[in-house]
Amino acid sequence: MAKKTKPDTPAASNRRLTISAFAKMKKNGQKITMLTAYDFTMARLLDQSGVDILLVGDSLAMVVQGHDNTLPVTLDEMIYHAEMVGRAAKRSFVVVDLPFPINHQGVHQTVMAAGRILKETRCQAVKLEGGADQANVIAALVTAGIPVVAHVGLRPQTVHAMGGYKIQRDLEELVIDAKAAQDAGAFAVVVECVPAAMSKALTEQLAIPTIGIGAGPDCDGQVLVCNDMLGINGDYVPSFVKAYADLGNTIEAAAKQWCEEVRKVEFPDADHSF
Ligand code: KIV
């Protein structure tokens, strides 16, 4: 009988990934892949396609709920979506965003909110926007056994304070934030909208993996909003997004054809009737 051998890389494993996989991947120079997911069907497909991390991003406020920014989504709504994604994931590690402004309501409130996410959703970690200013919150979550991904550079939850979504160019601030998050116990850091040279310098200085979005090729991993990369968003797509499919037009064309066939009584035909 053939002897079962262990897969030699986390990326080749069929088991649910754990945080230790990502440290190993950084050490071995293997890129980490992260995509957002908001429901069971999409999460199942992305999990089967081998995406390492599914992020139940608060971008669901924009992508799923149709708001202008990420601020309106509530903790209960995040949990509703995270539960579906957590149930679909067989191999992918699942991270859930803490919605605005939970991690600014004090350590106790944040631990209670993140605790609810882990208890109610089968997801394994939370992400929060912030670095040095959130170090005490990150440390408290990690002490409670809750793995944390920090999010530095452009922080979409501060859109009003920033006066819009802007490329972040302060390397010193970026390094201070990411190092503070690392020292507080975060196991990875999302780096959003910074020049490629800056995220390269940051990645070289950190022991934990950087996962970039609009941050060039030298981060330890990449993340995109799945609807953007699948071509099912509205007219605005950020310039750093590459569309790998045109599902928006495919869906519209399929629905249009179905309407036409129904109206002409071509559907259902004999093959699709009892
Ligand atoms: O909410 C989200 O989708 C995110 C990604 C853009 C990283 O935070």
# chains A, B, ... in the order shown; residues from 1 in each chain; ligands from 1

call {"tool": "residues_near_ligand", "arguments": {"ligand": "ligand 1", "cutoff": "8 Å", "atoms": "only C-alpha atoms and all ligand atoms", "output": "MDAnalysis selection string"}}
result
chainID A and resid 36 55:60 70 97 127 151 156 190:192 212:213 223:225

call {"tool": "write_last_selection", "arguments": {"atoms": "N, CA, C and O atoms", "output": "PDB file, in the first residue's frame"}}
result
ATOM      1  N   THR A  36     -11.318  38.476  -0.842  1.00  0.00           N
ATOM      2  CA  THR A  36     -12.505  38.666  -0.012  1.00  0.00           C
ATOM      3  C   THR A  36     -13.581  37.654  -0.432  1.00  0.00           C
ATOM      4  O   THR A  36     -13.619  37.202  -1.585  1.00  0.00           O
ATOM      5  N   LEU A  55     -11.026  36.622   3.200  1.00  0.00           N
ATOM      6  CA  LEU A  55     -11.252  37.774   4.082  1.00  0.00           C
ATOM      7  C   LEU A  55     -12.713  38.198   3.964  1.00  0.00           C
ATOM      8  O   LEU A  55     -13.162  38.578   2.872  1.00  0.00           O
ATOM      9  N   VAL A  56     -13.437  38.096   5.070  1.00  0.00           N
ATOM     10  CA  VAL A  56     -14.794  38.661   5.104  1.00  0.00           C
ATOM     11  C   VAL A  56     -14.576  40.139   5.407  1.00  0.00           C
ATOM     12  O   VAL A  56     -14.506  40.560   6.563  1.00  0.00           O
ATOM     13  N   GLY A  57     -14.339  40.897   4.335  1.00  0.00           N
ATOM     14  CA  GLY A  57     -13.951  42.295   4.490  1.00  0.00           C
ATOM     15  C   GLY A  57     -15.159  43.170   4.769  1.00  0.00           C
ATOM     16  O   GLY A  57     -16.275  42.869   4.338  1.00  0.00           O
ATOM     17  N   ASP A  58     -14.890  44.302   5.471  1.00  0.00           N
ATOM     18  CA  ASP A  58     -15.996  45.243   5.653  1.00  0.00           C
ATOM     19  C   ASP A  58     -16.308  45.950   4.333  1.00  0.00           C
ATOM     20  O   ASP A  58     -17.269  46.720   4.240  1.00  0.00           O
ATOM     21  N   SER A  59     -15.512  45.647   3.288  1.00  0.00           N
ATOM     22  CA  SER A  59     -15.861  46.102   1.933  1.00  0.00           C
ATOM     23  C   SER A  59     -17.226  45.571   1.526  1.00  0.00           C
ATOM     24  O   SER A  59     -17.810  46.041   0.557  1.00  0.00           O
ATOM     25  N   LEU A  60     -17.752  44.612   2.288  1.00  0.00           N
ATOM     26  CA  LEU A  60     -19.099  44.105   1.963  1.00  0.00           C
ATOM     27  C   LEU A  60     -20.136  45.219   2.058  1.00  0.00           C
ATOM     28  O   LEU A  60     -21.176  45.170   1.394  1.00  0.00           O
ATOM     29  N   THR A  70     -17.128  51.955   3.670  1.00  0.00           N
ATOM     30  CA  THR A  70     -17.237  50.746   4.502  1.00  0.00           C
ATOM     31  C   THR A  70     -17.856  51.008   5.883  1.00  0.00           C
ATOM     32  O   THR A  70     -18.024  50.061   6.654  1.00  0.00           O
ATOM     33  N   ASP A  97     -13.164  41.123   9.198  1.00  0.00           N
ATOM     34  CA  ASP A  97     -12.891  42.511   9.577  1.00  0.00           C
ATOM     35  C   ASP A  97     -13.709  42.927  10.789  1.00  0.00           C
ATOM     36  O   ASP A  97     -14.912  42.615  10.876  1.00  0.00           O
ATOM     37  N   LYS A 127      -9.367  41.071  11.558  1.00  0.00           N
ATOM     38  CA  LYS A 127      -8.497  42.126  11.032  1.00  0.00           C
ATOM     39  C   LYS A 127      -8.998  43.448  11.566  1.00  0.00           C
ATOM     40  O   LYS A 127     -10.221  43.647  11.652  1.00  0.00           O
ATOM     41  N   HIS A 151      -3.952  46.334   9.718  1.00  0.00           N
ATOM     42  CA  HIS A 151      -4.181  46.932   8.382  1.00  0.00           C
ATOM     43  C   HIS A 151      -3.627  48.356   8.431  1.00  0.00           C
ATOM     44  O   HIS A 151      -4.175  49.200   9.161  1.00  0.00           O
ATOM     45  N   PRO A 156      -9.436  52.429   4.956  1.00  0.00           N
ATOM     46  CA  PRO A 156     -10.706  52.914   4.399  1.00  0.00           C
ATOM     47  C   PRO A 156     -11.696  53.437   5.451  1.00  0.00           C
ATOM     48  O   PRO A 156     -12.515  54.300   5.147  1.00  0.00           O
ATOM     49  N   VAL A 190      -1.950  43.760   6.590  1.00  0.00           N
ATOM     50  CA  VAL A 190      -2.377  44.206   5.258  1.00  0.00           C
ATOM     51  C   VAL A 190      -1.827  45.616   5.045  1.00  0.00           C
ATOM     52  O   VAL A 190      -1.919  46.466   5.944  1.00  0.00           O
ATOM     53  N   VAL A 191      -1.257  45.841   3.866  1.00  0.00           N
ATOM     54  CA  VAL A 191      -0.656  47.141   3.532  1.00  0.00           C
ATOM     55  C   VAL A 191      -1.397  47.667   2.311  1.00  0.00           C
ATOM     56  O   VAL A 191      -1.326  47.070   1.233  1.00  0.00           O
ATOM     57  N   GLU A 192      -2.117  48.783   2.482  1.00  0.00           N
ATOM     58  CA  GLU A 192      -2.993  49.237   1.387  1.00  0.00           C
ATOM     59  C   GLU A 192      -2.513  50.553   0.791  1.00  0.00           C
ATOM     60  O   GLU A 192      -2.242  51.520   1.520  1.00  0.00           O
ATOM     61  N   GLY A 212      -0.281  42.777   0.484  1.00  0.00           N
ATOM     62  CA  GLY A 212      -0.486  44.079  -0.141  1.00  0.00           C
ATOM     63  C   GLY A 212      -1.729  44.167  -1.002  1.00  0.00           C
ATOM     64  O   GLY A 212      -2.168  43.189  -1.610  1.00  0.00           O
ATOM     65  N   ILE A 213      -2.273  45.388  -1.044  1.00  0.00           N
ATOM     66  CA  ILE A 213      -3.343  45.716  -2.004  1.00  0.00           C
ATOM     67  C   ILE A 213      -3.011  47.115  -2.520  1.00  0.00           C
ATOM     68  O   ILE A 213      -2.947  48.071  -1.738  1.00  0.00           O
ATOM     69  N   VAL A 223      -3.748  40.730  -1.741  1.00  0.00           N
ATOM     70  CA  VAL A 223      -5.186  40.611  -1.493  1.00  0.00           C
ATOM     71  C   VAL A 223      -5.930  41.497  -2.485  1.00  0.00           C
ATOM     72  O   VAL A 223      -5.460  42.579  -2.835  1.00  0.00           O
ATOM     73  N   LEU A 224      -7.084  41.014  -2.952  1.00  0.00           N
ATOM     74  CA  LEU A 224      -7.987  41.840  -3.755  1.00  0.00           C
ATOM     75  C   LEU A 224      -9.423  41.575  -3.314  1.00  0.00           C
ATOM     76  O   LEU A 224      -9.724  40.517  -2.735  1.00  0.00           O
ATOM     77  N   VAL A 225     -10.276  42.530  -3.606  1.00  0.00           N
ATOM     78  CA  VAL A 225     -11.720  42.329  -3.433  1.00  0.00           C
ATOM     79  C   VAL A 225     -12.166  41.409  -4.576  1.00  0.00           C
ATOM     80  O   VAL A 225     -11.921  41.714  -5.752  1.00  0.00           O
TER      81      VAL A 225
END

call {"tool": "select_by_dssp", "arguments": {"residues": "range 28-86 of chain A", "states": "strand (DSSP E)", "output": "PyMOL selection string"}}
result
chain A and resi 32-36+53-56

call {"tool": "closest_residue", "arguments": {"among": "A:Val241, A:Leu230, A:Ile208, A:Val194", "to": "Lys26 in chain A", "atoms": "only C-alpha atoms"}}
result
A:Ile208

call {"tool": "residues_around", "arguments": {"residues": "Ala197 in chain A", "least_positions_apart": "4", "cutoff": "9 Å", "atoms": "only C-alpha atoms", "output": "count of residues only"}}
result
5

call {"tool": "atom_distance", "arguments": {"atom1": "CA of Val237 in chain A", "atom2": "CA of Asp68 in chain A"}}
result
13.4 Å

call {"tool": "residues_around", "arguments": {"residues": "Cys193 in chain A", "least_positions_apart": "3", "cutoff": "7 Å", "atoms": "only C-alpha atoms", "output": "PyMOL selection string"}}
result
chain A and resi 153-154+167-168+213-215

call {"tool": "residues_around", "arguments": {"residues": "range 250-255 of chain A", "least_positions_apart": "4", "cutoff": "12 Å", "atoms": "only C-alpha atoms", "output": "PyMOL selection string"}}
result
chain A and resi 230-233+245-246+259-262

call {"tool": "write_last_selection", "arguments": {"atoms": "all heavy atoms", "output": "compact mmCIF listing (two decimals), in the first residue's frame"}}
result
# COMPACT_ATOMS: atom_id res chain seq x y z
N LEU A 230 -13.05 39.68 -10.36
CA LEU A 230 -13.92 38.84 -11.21
C LEU A 230 -14.76 39.67 -12.19
O LEU A 230 -15.51 39.13 -12.99
CB LEU A 230 -14.87 38.00 -10.33
CG LEU A 230 -14.18 36.94 -9.47
CD1 LEU A 230 -15.18 36.27 -8.54
CD2 LEU A 230 -13.49 35.89 -10.35
N GLY A 231 -14.63 41.01 -12.10
CA GLY A 231 -15.36 41.87 -13.03
C GLY A 231 -16.85 41.93 -12.76
O GLY A 231 -17.66 41.97 -13.67
N ILE A 232 -17.22 41.90 -11.46
CA ILE A 232 -18.66 42.06 -11.15
C ILE A 232 -18.89 43.25 -10.24
O ILE A 232 -19.74 43.20 -9.34
CB ILE A 232 -19.32 40.81 -10.48
CG1 ILE A 232 -18.34 39.99 -9.68
CG2 ILE A 232 -20.12 40.01 -11.45
CD1 ILE A 232 -18.97 38.82 -8.95
N ASN A 233 -18.15 44.30 -10.45
CA ASN A 233 -18.46 45.53 -9.72
C ASN A 233 -19.02 46.55 -10.68
O ASN A 233 -19.09 46.32 -11.88
CB ASN A 233 -17.22 46.05 -9.01
CG ASN A 233 -17.32 45.73 -7.52
OD1 ASN A 233 -18.36 45.29 -7.04
ND2 ASN A 233 -16.24 45.94 -6.81
N ALA A 245 -11.62 38.08 -14.92
CA ALA A 245 -12.83 37.54 -15.56
C ALA A 245 -13.75 38.73 -15.82
O ALA A 245 -13.52 39.83 -15.33
CB ALA A 245 -13.50 36.51 -14.66
N ASP A 246 -14.78 38.47 -16.63
CA ASP A 246 -15.75 39.53 -16.96
C ASP A 246 -17.14 39.03 -16.57
O ASP A 246 -18.05 38.99 -17.39
CB ASP A 246 -15.64 39.81 -18.47
CG ASP A 246 -16.49 41.01 -18.87
OD1 ASP A 246 -16.91 41.78 -17.98
OD2 ASP A 246 -16.75 41.16 -20.08
N CYS A 259 -34.48 35.97 -20.44
CA CYS A 259 -35.70 36.78 -20.59
C CYS A 259 -36.27 36.64 -22.00
O CYS A 259 -37.48 36.44 -22.19
CB CYS A 259 -35.40 38.26 -20.33
SG CYS A 259 -35.09 38.64 -18.61
N GLU A 260 -35.37 36.71 -22.99
CA GLU A 260 -35.82 36.62 -24.39
C GLU A 260 -36.48 35.27 -24.65
O GLU A 260 -37.54 35.18 -25.27
CB GLU A 260 -34.63 36.80 -25.34
CG GLU A 260 -34.26 38.26 -25.54
CD GLU A 260 -32.90 38.42 -26.25
OE1 GLU A 260 -32.39 37.43 -26.83
OE2 GLU A 260 -32.37 39.53 -26.20
N GLU A 261 -35.84 34.19 -24.17
CA GLU A 261 -36.37 32.84 -24.43
C GLU A 261 -37.71 32.62 -23.72
O GLU A 261 -38.60 31.97 -24.26
CB GLU A 261 -35.34 31.78 -24.01
CG GLU A 261 -34.13 31.79 -24.94
CD GLU A 261 -33.17 30.65 -24.70
OE1 GLU A 261 -33.51 29.70 -23.96
OE2 GLU A 261 -32.05 30.71 -25.26
N VAL A 262 -37.85 33.17 -22.50
CA VAL A 262 -39.13 33.07 -21.79
C VAL A 262 -40.21 33.81 -22.57
O VAL A 262 -41.31 33.30 -22.79
CB VAL A 262 -39.01 33.61 -20.34
CG1 VAL A 262 -40.39 33.77 -19.71
CG2 VAL A 262 -38.14 32.68 -19.50

call {"tool": "residues_around", "arguments": {"residues": "Asp228 in chain A", "least_positions_apart": "6", "cutoff": "9 Å", "atoms": "only C-alpha atoms", "output": "CSV table (one decimal) with N, CA and C atoms, in the first residue's frame"}}
result
chain,number,residue,atom,x,y,z
A,63,VAL,N,-19.6,46.4,-1.6
A,63,VAL,CA,-19.8,45.4,-2.6
A,63,VAL,C,-21.1,44.7,-2.6
A,234,GLY,N,-19.4,47.7,-10.1
A,234,GLY,CA,-20.0,48.7,-11.0
A,234,GLY,C,-18.9,49.3,-11.9
A,237,VAL,N,-13.5,50.8,-10.9
A,237,VAL,CA,-12.5,49.8,-10.4
A,237,VAL,C,-11.2,50.5,-10.2
A,238,PRO,N,-10.6,50.3,-9.0
A,238,PRO,CA,-9.3,51.0,-8.7
A,238,PRO,C,-8.3,50.6,-9.7
A,241,VAL,N,-6.3,47.2,-9.6
A,241,VAL,CA,-7.0,45.9,-9.8
A,241,VAL,C,-6.8,45.4,-11.2
A,242,LYS,N,-6.5,44.1,-11.3
A,242,LYS,CA,-6.6,43.5,-12.6
A,242,LYS,C,-7.8,42.6,-12.7
A,243,ALA,N,-8.6,42.7,-13.7
A,243,ALA,CA,-9.8,41.9,-13.8
A,243,ALA,C,-9.4,40.5,-14.5
A,244,TYR,N,-9.6,39.4,-13.8
A,244,TYR,CA,-9.3,38.1,-14.3
A,244,TYR,C,-10.5,37.4,-15.0

call {"tool": "residues_around", "arguments": {"residues": "Gln124 in chain A", "least_positions_apart": "5", "cutoff": "9 Å", "atoms": "only C-alpha atoms", "output": "CSV table (one decimal) with N, CA, C and O atoms, in the first residue's frame"}}
result
chain,number,residue,atom,x,y,z
A,18,THR,N,-3.6,27.1,9.2
A,18,THR,CA,-3.6,27.8,10.5
A,18,THR,C,-2.5,28.9,10.5
A,18,THR,O,-1.8,29.0,9.5
A,19,ILE,N,-2.5,29.7,11.5
A,19,ILE,CA,-1.6,30.9,11.4
A,19,ILE,C,-0.1,30.5,11.2
A,19,ILE,O,0.6,31.2,10.6
A,86,GLY,N,-17.3,31.0,6.8
A,86,GLY,CA,-16.6,30.0,7.7
A,86,GLY,C,-17.1,28.6,7.5
A,86,GLY,O,-16.3,27.6,7.6
A,93,PHE,N,-7.9,29.6,5.3
A,93,PHE,CA,-7.9,30.3,6.6
A,93,PHE,C,-8.9,31.5,6.5
A,93,PHE,O,-8.9,32.1,5.4
A,94,VAL,N,-9.7,31.7,7.4
A,94,VAL,CA,-10.7,32.8,7.3
A,94,VAL,C,-10.6,33.9,8.3
A,94,VAL,O,-10.5,33.6,9.5
A,95,VAL,N,-10.5,35.1,7.8
A,95,VAL,CA,-10.3,36.3,8.6
A,95,VAL,C,-11.5,37.2,8.5
A,95,VAL,O,-12.0,37.4,7.3
A,96,VAL,N,-11.9,37.8,9.6
A,96,VAL,CA,-13.1,38.7,9.5
A,96,VAL,C,-12.7,40.1,10.0
A,96,VAL,O,-12.1,40.3,11.0
A,117,ILE,N,-17.3,36.9,17.0
A,117,ILE,CA,-16.9,36.4,15.7
A,117,ILE,C,-16.4,35.0,15.7
A,117,ILE,O,-16.9,34.1,14.9
A,118,LEU,N,-15.4,34.7,16.6
A,118,LEU,CA,-14.9,33.4,16.6
A,118,LEU,C,-15.9,32.4,17.1
A,118,LEU,O,-15.9,31.2,16.6
A,146,ILE,N,-7.1,35.3,20.3
A,146,ILE,CA,-7.7,35.7,19.0
A,146,ILE,C,-6.6,36.2,18.0
A,146,ILE,O,-6.0,37.2,18.3
A,147,PRO,N,-6.3,35.4,17.0
A,147,PRO,CA,-5.3,35.9,16.0
A,147,PRO,C,-5.7,37.2,15.3
A,147,PRO,O,-6.9,37.3,15.0

call {"tool": "closest_residue", "arguments": {"among": "A:Gly29, A:Gly145, A:Pro195, A:Gly221", "to": "Gly115 in chain A", "atoms": "only C-alpha atoms"}}
result
A:Gly145

call {"tool": "decode", "arguments": {"residues": "range 28-39 of chain A", "atoms": "all heavy atoms", "output": "JSON list (two decimals), in the first residue's frame"}}
result
[["chain", "number", "residue", "atom", "x", "y", "z"],
["A", 28, "ASN", "N", 9.82, 30.73, 3.62],
["A", 28, "ASN", "CA", 10.19, 29.99, 2.40],
["A", 28, "ASN", "C", 10.04, 30.81, 1.11],
["A", 28, "ASN", "O", 10.23, 30.28, 0.01],
["A", 28, "ASN", "CB", 9.31, 28.73, 2.25],
["A", 28, "ASN", "CG", 9.54, 27.77, 3.40],
["A", 28, "ASN", "OD1", 10.56, 27.84, 4.08],
["A", 28, "ASN", "ND2", 8.58, 26.88, 3.64],
["A", 29, "GLY", "N", 9.63, 32.07, 1.25],
["A", 29, "GLY", "CA", 9.46, 32.91, 0.06],
["A", 29, "GLY", "C", 8.29, 32.50, -0.81],
["A", 29, "GLY", "O", 8.28, 32.79, -2.00],
["A", 30, "GLN", "N", 7.28, 31.82, -0.20],
["A", 30, "GLN", "CA", 6.08, 31.45, -0.97],
["A", 30, "GLN", "C", 5.04, 32.56, -0.79],
["A", 30, "GLN", "O", 4.72, 32.93, 0.34],
["A", 30, "GLN", "CB", 5.44, 30.19, -0.39],
["A", 30, "GLN", "CG", 6.13, 28.91, -0.72],
["A", 30, "GLN", "CD", 5.41, 27.82, 0.06],
["A", 30, "GLN", "OE1", 5.78, 27.52, 1.20],
["A", 30, "GLN", "NE2", 4.40, 27.24, -0.54],
["A", 31, "LYS", "N", 4.47, 33.05, -1.89],
["A", 31, "LYS", "CA", 3.51, 34.14, -1.80],
["A", 31, "LYS", "C", 2.18, 33.67, -1.18],
["A", 31, "LYS", "O", 1.71, 32.57, -1.48],
["A", 31, "LYS", "CB", 3.22, 34.73, -3.19],
["A", 31, "LYS", "CG", 4.42, 35.41, -3.82],
["A", 31, "LYS", "CD", 4.73, 36.76, -3.19],
["A", 31, "LYS", "CE", 5.83, 37.48, -3.95],
["A", 31, "LYS", "NZ", 6.27, 38.72, -3.29],
["A", 32, "ILE", "N", 1.59, 34.52, -0.37],
["A", 32, "ILE", "CA", 0.30, 34.23, 0.28],
["A", 32, "ILE", "C", -0.81, 34.87, -0.55],
["A", 32, "ILE", "O", -0.68, 36.03, -0.96],
["A", 32, "ILE", "CB", 0.29, 34.80, 1.72],
["A", 32, "ILE", "CG1", 1.40, 34.15, 2.55],
["A", 32, "ILE", "CG2", -1.08, 34.63, 2.37],
["A", 32, "ILE", "CD1", 1.72, 34.89, 3.84],
["A", 33, "THR", "N", -1.90, 34.12, -0.81],
["A", 33, "THR", "CA", -3.01, 34.68, -1.59],
["A", 33, "THR", "C", -4.23, 34.88, -0.68],
["A", 33, "THR", "O", -4.58, 33.99, 0.10],
["A", 33, "THR", "CB", -3.40, 33.74, -2.74],
["A", 33, "THR", "OG1", -3.69, 32.44, -2.22],
["A", 33, "THR", "CG2", -2.29, 33.63, -3.76],
["A", 34, "MET", "N", -4.82, 36.06, -0.79],
["A", 34, "MET", "CA", -6.01, 36.38, 0.02],
["A", 34, "MET", "C", -7.03, 37.06, -0.88],
["A", 34, "MET", "O", -6.69, 37.96, -1.65],
["A", 34, "MET", "CB", -5.60, 37.35, 1.15],
["A", 34, "MET", "CG", -6.72, 37.82, 2.06],
["A", 34, "MET", "SD", -6.21, 39.23, 3.11],
["A", 34, "MET", "CE", -5.98, 38.49, 4.68],
["A", 35, "LEU", "N", -8.28, 36.58, -0.84],
["A", 35, "LEU", "CA", -9.36, 37.25, -1.57],
["A", 35, "LEU", "C", -10.52, 37.46, -0.61],
["A", 35, "LEU", "O", -10.72, 36.66, 0.32],
["A", 35, "LEU", "CB", -9.84, 36.41, -2.76],
["A", 35, "LEU", "CG", -8.96, 36.39, -4.01],
["A", 35, "LEU", "CD1", -9.54, 35.41, -5.04],
["A", 35, "LEU", "CD2", -8.82, 37.78, -4.63],
["A", 36, "THR", "N", -11.32, 38.48, -0.84],
["A", 36, "THR", "CA", -12.50, 38.67, -0.01],
["A", 36, "THR", "C", -13.58, 37.65, -0.43],
["A", 36, "THR", "O", -13.62, 37.20, -1.58],
["A", 36, "THR", "CB", -13.09, 40.08, -0.15],
["A", 36, "THR", "OG1", -13.52, 40.28, -1.49],
["A", 36, "THR", "CG2", -12.08, 41.14, 0.27],
["A", 37, "ALA", "N", -14.43, 37.30, 0.52],
["A", 37, "ALA", "CA", -15.61, 36.46, 0.24],
["A", 37, "ALA", "C", -16.70, 36.90, 1.21],
["A", 37, "ALA", "O", -16.40, 37.29, 2.35],
["A", 37, "ALA", "CB", -15.28, 34.99, 0.43],
["A", 38, "TYR", "N", -17.94, 36.83, 0.75],
["A", 38, "TYR", "CA", -19.03, 37.34, 1.59],
["A", 38, "TYR", "C", -20.18, 36.35, 1.74],
["A", 38, "TYR", "O", -21.11, 36.60, 2.48],
["A", 38, "TYR", "CB", -19.58, 38.65, 1.00],
["A", 38, "TYR", "CG", -18.50, 39.63, 0.57],
["A", 38, "TYR", "CD1", -18.19, 39.83, -0.78],
["A", 38, "TYR", "CD2", -17.78, 40.34, 1.53],
["A", 38, "TYR", "CE1", -17.20, 40.71, -1.16],
["A", 38, "TYR", "CE2", -16.79, 41.23, 1.15],
["A", 38, "TYR", "CZ", -16.50, 41.41, -0.20],
["A", 38, "TYR", "OH", -15.51, 42.28, -0.57],
["A", 39, "ASP", "N", -20.15, 35.24, 0.95],
["A", 39, "ASP", "CA", -21.25, 34.27, 1.06],
["A", 39, "ASP", "C", -20.74, 32.85, 0.81],
["A", 39, "ASP", "O", -19.59, 32.65, 0.39],
["A", 39, "ASP", "CB", -22.41, 34.62, 0.12],
["A", 39, "ASP", "CG", -22.04, 34.52, -1.36],
["A", 39, "ASP", "OD1", -21.20, 33.67, -1.71],
["A", 39, "ASP", "OD2", -22.58, 35.29, -2.15]]
